[in-house]
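Listing of start23.cif; format and content: mmCIF, N, CA and C atoms.
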data_coords
loop_
_atom_site.label_atom_id
_atom_site.label_comp_id
_atom_site.auth_asym_id
_atom_site.auth_seq_id
_atom_site.Cartn_x
_atom_site.Cartn_y
_atom_site.Cartn_z
N MET J 1 55.02 214.49 61.37
CA MET J 1 54.03 215.49 61.70
C MET J 1 53.45 216.04 60.41
N GLN J 2 52.15 216.17 60.38
CA GLN J 2 51.46 216.63 59.20
C GLN J 2 50.82 217.97 59.50
N LEU J 3 51.13 218.98 58.67
CA LEU J 3 50.63 220.32 58.92
C LEU J 3 49.35 220.63 58.17
N THR J 4 49.06 219.88 57.15
CA THR J 4 47.84 220.12 56.38
C THR J 4 47.00 218.86 56.36
N ALA J 5 45.73 219.02 56.06
CA ALA J 5 44.82 217.88 55.97
C ALA J 5 45.11 217.08 54.71
N PRO J 6 44.95 215.77 54.76
CA PRO J 6 45.15 214.96 53.56
C PRO J 6 44.17 215.35 52.46
N ALA J 7 44.56 215.09 51.22
CA ALA J 7 43.73 215.47 50.08
C ALA J 7 42.42 214.71 50.04
N ASP J 8 42.37 213.50 50.63
CA ASP J 8 41.14 212.72 50.57
C ASP J 8 40.15 213.09 51.67
N GLY J 9 40.46 214.07 52.48
CA GLY J 9 39.51 214.56 53.48
C GLY J 9 39.57 213.86 54.82
N ARG J 10 40.39 212.84 54.95
CA ARG J 10 40.49 212.15 56.24
C ARG J 10 41.34 212.96 57.20
N THR J 11 41.00 212.89 58.46
CA THR J 11 41.80 213.56 59.49
C THR J 11 42.30 212.52 60.47
N ASP J 12 43.37 212.83 61.14
CA ASP J 12 43.96 211.91 62.11
C ASP J 12 43.20 212.02 63.43
N THR J 13 42.68 210.91 63.92
CA THR J 13 41.90 210.91 65.17
C THR J 13 42.72 210.41 66.36
N ARG J 14 44.01 210.23 66.20
CA ARG J 14 44.83 209.70 67.29
C ARG J 14 44.87 210.61 68.51
N PRO J 15 45.06 211.95 68.38
CA PRO J 15 45.09 212.76 69.59
C PRO J 15 43.79 212.69 70.38
N ARG J 16 42.67 212.65 69.70
CA ARG J 16 41.38 212.58 70.40
C ARG J 16 41.24 211.26 71.14
N THR J 17 41.67 210.16 70.50
CA THR J 17 41.62 208.86 71.16
C THR J 17 42.58 208.81 72.33
N ARG J 18 43.75 209.39 72.16
CA ARG J 18 44.73 209.40 73.25
C ARG J 18 44.20 210.20 74.43
N ASP J 19 43.53 211.33 74.16
CA ASP J 19 42.93 212.10 75.24
C ASP J 19 41.84 211.29 75.94
N ALA J 20 41.04 210.58 75.16
CA ALA J 20 39.97 209.76 75.74
C ALA J 20 40.56 208.63 76.58
N ASP J 21 41.66 208.05 76.12
CA ASP J 21 42.32 207.00 76.91
C ASP J 21 42.85 207.56 78.22
N GLY J 22 43.42 208.74 78.18
CA GLY J 22 43.91 209.39 79.40
C GLY J 22 42.79 209.70 80.37
N MET J 23 41.65 210.12 79.84
CA MET J 23 40.51 210.39 80.71
C MET J 23 39.97 209.11 81.33
N ALA J 24 40.01 208.01 80.60
CA ALA J 24 39.54 206.73 81.15
C ALA J 24 40.43 206.30 82.31
N VAL J 25 41.73 206.43 82.14
CA VAL J 25 42.67 206.06 83.21
C VAL J 25 42.51 207.01 84.39
N ALA J 26 42.35 208.31 84.11
CA ALA J 26 42.18 209.28 85.19
C ALA J 26 40.89 209.02 85.98
N SER J 27 39.83 208.64 85.29
CA SER J 27 38.58 208.36 86.00
C SER J 27 38.74 207.14 86.90
N PHE J 28 39.47 206.13 86.44
CA PHE J 28 39.71 204.96 87.26
C PHE J 28 40.52 205.32 88.51
N ILE J 29 41.58 206.09 88.33
CA ILE J 29 42.44 206.46 89.46
C ILE J 29 41.69 207.35 90.45
N LEU J 30 40.96 208.34 89.93
CA LEU J 30 40.23 209.23 90.83
C LEU J 30 39.09 208.51 91.54
N GLY J 31 38.45 207.59 90.85
CA GLY J 31 37.40 206.80 91.50
C GLY J 31 37.95 205.92 92.60
N LEU J 32 39.11 205.33 92.35
CA LEU J 32 39.76 204.49 93.36
C LEU J 32 40.22 205.33 94.55
N LEU J 33 40.81 206.47 94.28
CA LEU J 33 41.26 207.36 95.34
C LEU J 33 40.08 207.93 96.12
N GLY J 34 38.97 208.15 95.42
CA GLY J 34 37.78 208.71 96.06
C GLY J 34 37.14 207.80 97.08
N LEU J 35 37.43 206.50 97.01
CA LEU J 35 36.90 205.60 98.05
C LEU J 35 37.53 205.88 99.40
N LEU J 36 38.72 206.50 99.40
CA LEU J 36 39.42 206.76 100.65
C LEU J 36 39.26 208.20 101.13
N VAL J 37 39.39 209.17 100.22
CA VAL J 37 39.35 210.58 100.60
C VAL J 37 38.55 211.38 99.58
N LEU J 38 37.96 212.46 100.02
CA LEU J 38 37.29 213.43 99.16
C LEU J 38 36.29 212.81 98.19
N ASN J 39 35.51 211.84 98.66
CA ASN J 39 34.59 211.17 97.74
C ASN J 39 33.46 212.07 97.28
N LEU J 40 33.14 213.12 97.98
CA LEU J 40 32.12 214.06 97.53
C LEU J 40 32.58 214.79 96.26
N PHE J 41 33.87 215.02 96.14
CA PHE J 41 34.42 215.71 94.98
C PHE J 41 34.91 214.74 93.90
N LEU J 42 35.64 213.71 94.30
CA LEU J 42 36.26 212.81 93.33
C LEU J 42 35.27 211.85 92.67
N GLY J 43 34.19 211.51 93.34
CA GLY J 43 33.20 210.62 92.75
C GLY J 43 32.55 211.21 91.50
N PRO J 44 31.98 212.41 91.59
CA PRO J 44 31.40 213.01 90.39
C PRO J 44 32.42 213.28 89.29
N VAL J 45 33.64 213.67 89.66
CA VAL J 45 34.68 213.91 88.65
C VAL J 45 34.99 212.62 87.91
N ALA J 46 35.09 211.51 88.63
CA ALA J 46 35.35 210.22 87.99
C ALA J 46 34.21 209.82 87.06
N ILE J 47 32.98 210.08 87.47
CA ILE J 47 31.82 209.76 86.63
C ILE J 47 31.84 210.57 85.34
N VAL J 48 32.11 211.85 85.45
CA VAL J 48 32.13 212.72 84.28
C VAL J 48 33.27 212.34 83.34
N LEU J 49 34.45 212.10 83.88
CA LEU J 49 35.58 211.71 83.03
C LEU J 49 35.32 210.38 82.32
N ALA J 50 34.73 209.44 83.01
CA ALA J 50 34.41 208.15 82.38
C ALA J 50 33.38 208.32 81.28
N ALA J 51 32.36 209.12 81.53
CA ALA J 51 31.32 209.32 80.52
C ALA J 51 31.88 210.02 79.28
N VAL J 52 32.72 211.02 79.48
CA VAL J 52 33.31 211.73 78.34
C VAL J 52 34.25 210.84 77.56
N SER J 53 35.04 210.03 78.26
CA SER J 53 35.96 209.15 77.55
C SER J 53 35.21 208.08 76.76
N LEU J 54 34.12 207.57 77.30
CA LEU J 54 33.30 206.62 76.54
C LEU J 54 32.63 207.28 75.35
N TRP J 55 32.20 208.52 75.52
CA TRP J 55 31.56 209.25 74.43
C TRP J 55 32.55 209.53 73.31
N ARG J 56 33.82 209.78 73.67
CA ARG J 56 34.85 210.05 72.66
C ARG J 56 35.41 208.79 72.02
N GLY J 57 35.02 207.64 72.49
CA GLY J 57 35.44 206.39 71.88
C GLY J 57 36.80 205.91 72.33
N THR J 58 37.00 205.80 73.62
CA THR J 58 38.27 205.33 74.15
C THR J 58 38.51 203.87 73.80
N THR J 59 39.77 203.50 73.69
CA THR J 59 40.11 202.10 73.48
C THR J 59 40.21 201.37 74.82
N ARG J 60 40.22 202.10 75.91
CA ARG J 60 40.30 201.52 77.25
C ARG J 60 38.92 201.55 77.91
N ARG J 61 37.97 200.89 77.27
CA ARG J 61 36.59 200.90 77.75
C ARG J 61 36.45 200.27 79.12
N GLY J 62 37.25 199.25 79.41
CA GLY J 62 37.18 198.59 80.72
C GLY J 62 37.54 199.53 81.85
N ARG J 63 38.60 200.32 81.64
CA ARG J 63 38.99 201.28 82.68
C ARG J 63 37.96 202.39 82.82
N ALA J 64 37.36 202.78 81.71
CA ALA J 64 36.33 203.81 81.78
C ALA J 64 35.12 203.30 82.56
N TYR J 65 34.71 202.06 82.29
CA TYR J 65 33.57 201.49 83.03
C TYR J 65 33.93 201.29 84.51
N LEU J 66 35.16 200.90 84.80
CA LEU J 66 35.58 200.79 86.20
C LEU J 66 35.58 202.15 86.88
N GLY J 67 36.05 203.17 86.18
CA GLY J 67 36.02 204.52 86.73
C GLY J 67 34.60 204.99 87.00
N LEU J 68 33.70 204.65 86.09
CA LEU J 68 32.29 204.99 86.27
C LEU J 68 31.71 204.27 87.49
N ALA J 69 32.00 202.99 87.61
CA ALA J 69 31.50 202.21 88.74
C ALA J 69 32.10 202.70 90.06
N LEU J 70 33.39 203.01 90.05
CA LEU J 70 34.02 203.49 91.28
C LEU J 70 33.51 204.88 91.66
N GLY J 71 33.20 205.71 90.68
CA GLY J 71 32.62 207.02 90.98
C GLY J 71 31.26 206.89 91.64
N VAL J 72 30.45 205.96 91.14
CA VAL J 72 29.14 205.70 91.76
C VAL J 72 29.34 205.11 93.16
N ALA J 73 30.32 204.21 93.29
CA ALA J 73 30.60 203.62 94.61
C ALA J 73 31.07 204.67 95.60
N ASP J 74 31.83 205.67 95.13
CA ASP J 74 32.26 206.77 96.00
C ASP J 74 31.05 207.47 96.61
N LEU J 75 30.09 207.75 95.78
CA LEU J 75 28.90 208.45 96.27
C LEU J 75 28.06 207.55 97.17
N ALA J 76 28.02 206.26 96.86
CA ALA J 76 27.28 205.32 97.71
C ALA J 76 27.93 205.20 99.08
N VAL J 77 29.26 205.15 99.11
CA VAL J 77 29.97 205.09 100.40
C VAL J 77 29.73 206.36 101.19
N LEU J 78 29.74 207.49 100.51
CA LEU J 78 29.49 208.76 101.20
C LEU J 78 28.09 208.79 101.79
N ILE J 79 27.11 208.37 101.03
CA ILE J 79 25.72 208.37 101.53
C ILE J 79 25.57 207.41 102.70
N ALA J 80 26.17 206.23 102.61
CA ALA J 80 26.09 205.27 103.72
C ALA J 80 26.78 205.82 104.96
N ALA J 81 27.94 206.43 104.80
CA ALA J 81 28.65 206.98 105.95
C ALA J 81 27.90 208.17 106.55
N MET J 82 27.25 208.95 105.70
CA MET J 82 26.46 210.07 106.21
C MET J 82 25.26 209.58 107.00
N GLN J 83 24.65 208.50 106.56
CA GLN J 83 23.50 207.94 107.28
C GLN J 83 23.92 207.38 108.63
N ILE J 84 25.08 206.75 108.66
CA ILE J 84 25.56 206.16 109.92
C ILE J 84 25.97 207.23 110.91
N SER J 85 26.72 208.25 110.44
CA SER J 85 27.25 209.26 111.36
C SER J 85 26.27 210.42 111.59
N GLY J 86 25.34 210.61 110.67
CA GLY J 86 24.39 211.70 110.84
C GLY J 86 24.94 213.07 110.49
N THR J 87 26.09 213.13 109.80
CA THR J 87 26.68 214.39 109.40
C THR J 87 26.97 214.37 107.90
N VAL J 88 27.36 215.53 107.38
CA VAL J 88 27.68 215.62 105.97
C VAL J 88 29.08 215.08 105.70
N SER J 89 29.98 215.20 106.65
CA SER J 89 31.34 214.68 106.49
C SER J 89 31.48 213.43 107.34
N TRP J 90 32.50 212.66 107.05
CA TRP J 90 32.71 211.44 107.82
C TRP J 90 34.20 211.16 107.94
N SER J 91 34.58 210.37 108.89
CA SER J 91 35.97 209.94 109.07
C SER J 91 35.98 208.53 109.62
N LEU J 92 37.09 207.86 109.40
CA LEU J 92 37.21 206.47 109.86
C LEU J 92 37.54 206.39 111.32
#

Just dump the structure as structure tokens.
Amino acid sequence: MQLTAPADGRTDTRPRTRDADGMAVASFILGLLGLLVLNLFLGPVAIVLAAVSLWRGTTRRGRAYLGLALGVADLAVLIAAMQISGTVSWSL
């Protein structure tokens, strides 16, 4: 553990990358879960988490892109189900 910054001015970026990796995995899981339940809430959350993790430079870019795609798919499924049922909520 290092308590002070190195003399050459470099800082350790590992915690930021680790946080971005966690957000990429979280966006994937929430996007996948959102296809089944609470897609009105979980879809946008997955999109935001994926975008932030990509912006922070995650090493798990594939999971972030999958989370982004699944978040968009959550909203697409919700819109399709709303059109079919004619209501704001839907059930199987």

What does the distance from CA of Val37 in chain J to atom C of Thr59 in chain J come to in Å, to one decimal?
27.4 Å

Written as a list of chain:residue names, which residues does the PyMOL selection byres ((chain J and resi 45-52) around 5) give for the file shown?
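This file, filtered by the PyMOL selection byres ((chain J and resi 45-52) around 5), leaves J:Met23, J:Ser27, J:Gly31, J:Phe41, J:Leu42, J:Gly43, J:Pro44, J:Ser53, J:Leu54, J:Trp55, J:Arg56, J:Ala64, J:Gly67, J:Leu68, J:Gly71.
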
Interatomic distance between atom N of Leu30 in chain J and atom N of Gln83 in chain J?
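One can read the atom N of Leu30 in chain J to atom N of Gln83 in chain J distance as 23.3 Å.
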
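Interatomic distance, CA of Ala73 in chain J against atom N of Asp19 in chain J: 25.4 Å.
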
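Nearest-residue note for Asn39 in chain J: choosing from J:Ser85, J:Asp21, J:Thr58, J:Leu78, the minimum distance belongs to J:Leu78, counting all atoms listed in the file.
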
Restricting the calculation to all atoms listed in the file, which member of J:Leu40, J:Leu35, J:Ile29, J:Ile79 is positioned closest to Leu66 in chain J?
J:Ile29

Around all of range 43-61 of chain J's listed atoms, make the axis-aligned box with 3 Å on each side and tell me centre and edge lengths in Å to one decimal, as lines of an AutoDock Vina configuration file.
center_x = 35.8
center_y = 207.1
center_z = 82.6
size_x = 15.0
size_y = 19.6
size_z = 27.5
